[in-house]
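One structure below.
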Amino acid sequence: MKNIVLIGMPGAGKSTVGIVLAKAVKMKFVDTDLFIQEETGRHLQEILDTEGTTTFQKREEEIILSHQFHNTVIATGGSVVLSPKAMKHLKRDSLIIYLNVSLAEIERRLVNITTRGIVLEQGQTLHAVYDQRIPMYEKYADITINCSGLDFEGVVAKILGRV
């Protein structure tokens, strides 16, 4: 079976959905944000604060390009779509699923936007990030799952009905 890659905004539930989905389809699970933390020995926000967004995105791209995944559910960082190289690498052997969550719901879920390790340029708002990334998520997605009003089990059930 191909890999299943989950993309979407920070707070969309990619990691939690990924774990539940991997169990349901008997696949491995990886979280690329955890790969970054493991390989650098630092929290995402620490990298962003000390090295900036460009360095963070370069690390994210390098880590994704350096891994070959097989039969794996992959939860990506929300900024992965900013790297065409990383997305091309992931898309080659994977089904890309976009977890679509409204801006209002993302704002409710992300109470820790400045400490969570979200790629934000100086002065950039969550609304601006949302507007920037939504077209990219839509571009790369093979399947879009509308997650509005669903708990994690409901999202997984919707995915299972489409794969």
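In the structure tokens, each chain is lettered A, B, ... as it comes, each chain's residues begin at 1, and ligands are numbered from 1 in order of appearance.
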
- Item | Spatial neighbours of His127 in chain A, 10 Å, only C-alpha atoms, chain gap at least 6 places, as a list in words | Leu103, Ala104, Ile106 and Glu107 of chain A

So that each row is one residue of range 53-139 of chain A with an atom at most 12 Å from range 146-155 of chain A, can you give its shortest atom pair and the distance in Å to one decimal, using only C-alpha atoms, rows by chain and rising number, as CSV?
residue,atom,partner,partner_atom,distance
A:Ile97,CA,A:Asn146,CA,10.5
A:Tyr98,CA,A:Asn146,CA,8.5
A:Leu99,CA,A:Cys147,CA,6.4
A:Asn100,CA,A:Asn146,CA,5.0
A:Val101,CA,A:Cys147,CA,5.5
A:Ser102,CA,A:Ser148,CA,7.1
A:Leu103,CA,A:Ser148,CA,10.5
A:Ala104,CA,A:Ser148,CA,10.3
A:Glu105,CA,A:Ser148,CA,8.0
A:Ile106,CA,A:Ser148,CA,10.5
A:Glu138,CA,A:Asn146,CA,11.8

- Task: Name the residues of chain A that fall into strand (DSSP E or B) according to DSSP on the backbone, using the chain letters and numbers of this document, as a PyMOL selection string.
- Result: chain A and resi 3-7+28-31+72-75+94-100+143-146

Pull C-alpha atoms from the residues just selected and write them as a short mmCIF file (atom, residue, chain, number, x, y, z; two decimals), in the first residue's frame.
data_model
loop_
_atom_site.label_atom_id
_atom_site.label_comp_id
_atom_site.auth_asym_id
_atom_site.auth_seq_id
_atom_site.Cartn_x
_atom_site.Cartn_y
_atom_site.Cartn_z
CA ASN A 3 1.93 5.90 2.19
CA ILE A 4 -0.77 8.24 3.43
CA VAL A 5 0.42 11.81 4.00
CA LEU A 6 -1.69 14.19 6.06
CA ILE A 7 -1.35 17.90 5.29
CA LYS A 28 3.39 2.59 10.59
CA PHE A 29 3.10 6.18 11.80
CA VAL A 30 5.59 9.04 11.72
CA ASP A 31 5.31 12.71 12.56
CA THR A 72 3.40 4.62 6.59
CA VAL A 73 0.92 7.27 7.69
CA ILE A 74 2.88 10.53 7.77
CA ALA A 75 1.72 13.57 9.73
CA SER A 94 1.88 8.57 -1.28
CA LEU A 95 -1.74 9.50 -1.20
CA ILE A 96 -1.92 13.11 0.02
CA ILE A 97 -4.89 13.90 2.26
CA TYR A 98 -5.69 17.49 3.19
CA LEU A 99 -7.46 17.89 6.53
CA ASN A 100 -9.54 21.01 5.87
CA ILE A 143 -8.27 13.89 -1.29
CA THR A 144 -9.70 16.73 0.81
CA ILE A 145 -11.51 15.85 4.02
CA ASN A 146 -13.81 18.50 5.46
#

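Rounded to one decimal, CA of Leu110 in chain A and CA of Gly11 in chain A lie 6.1 Å from each other.
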
- Picked from chain A by DSSP as alpha helix (DSSP H), as a ChimeraX atom specification: /A:14-25,32-40,44-65,84-92,103-109,126-140,152-160

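Neighbouring residues of Gln37 in chain A at 12 Å or closer, counting only C-alpha atoms and skipping chain neighbours under 4 positions away, are Asp31, Thr32, Asp33, Gly41, Arg42, His43, Leu44, Gln45, Glu46, Ile47, Leu48, Phe56, Arg59, Glu60, Ile63, Gly77 and Gly117 of chain A.
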
- May I ask for the distance between CA of Leu90 in chain A and CA of Val129 in chain A, given in Å to one decimal place? 21.9 Å

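Nearest-residue note for Gln68 in chain A: choosing from A:Arg109, A:Arg133, A:Arg162, A:His89, the minimum distance belongs to A:His89, counting only C-alpha atoms.
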
- Using only C-alpha atoms, which residue out of A:Val111, A:Ala86, A:Met27, A:Met136 lies closest to Lys2 in chain A? A:Met27

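If you look at CA of Val17 in chain A and CA of Leu34 in chain A, they are 15.3 Å away from each other.
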
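Using only C-alpha atoms for every distance, the candidate list A:Lys85, A:Arg108, A:Lys23, A:His67 yields A:Lys23 as the residue closest to Leu160 in chain A.
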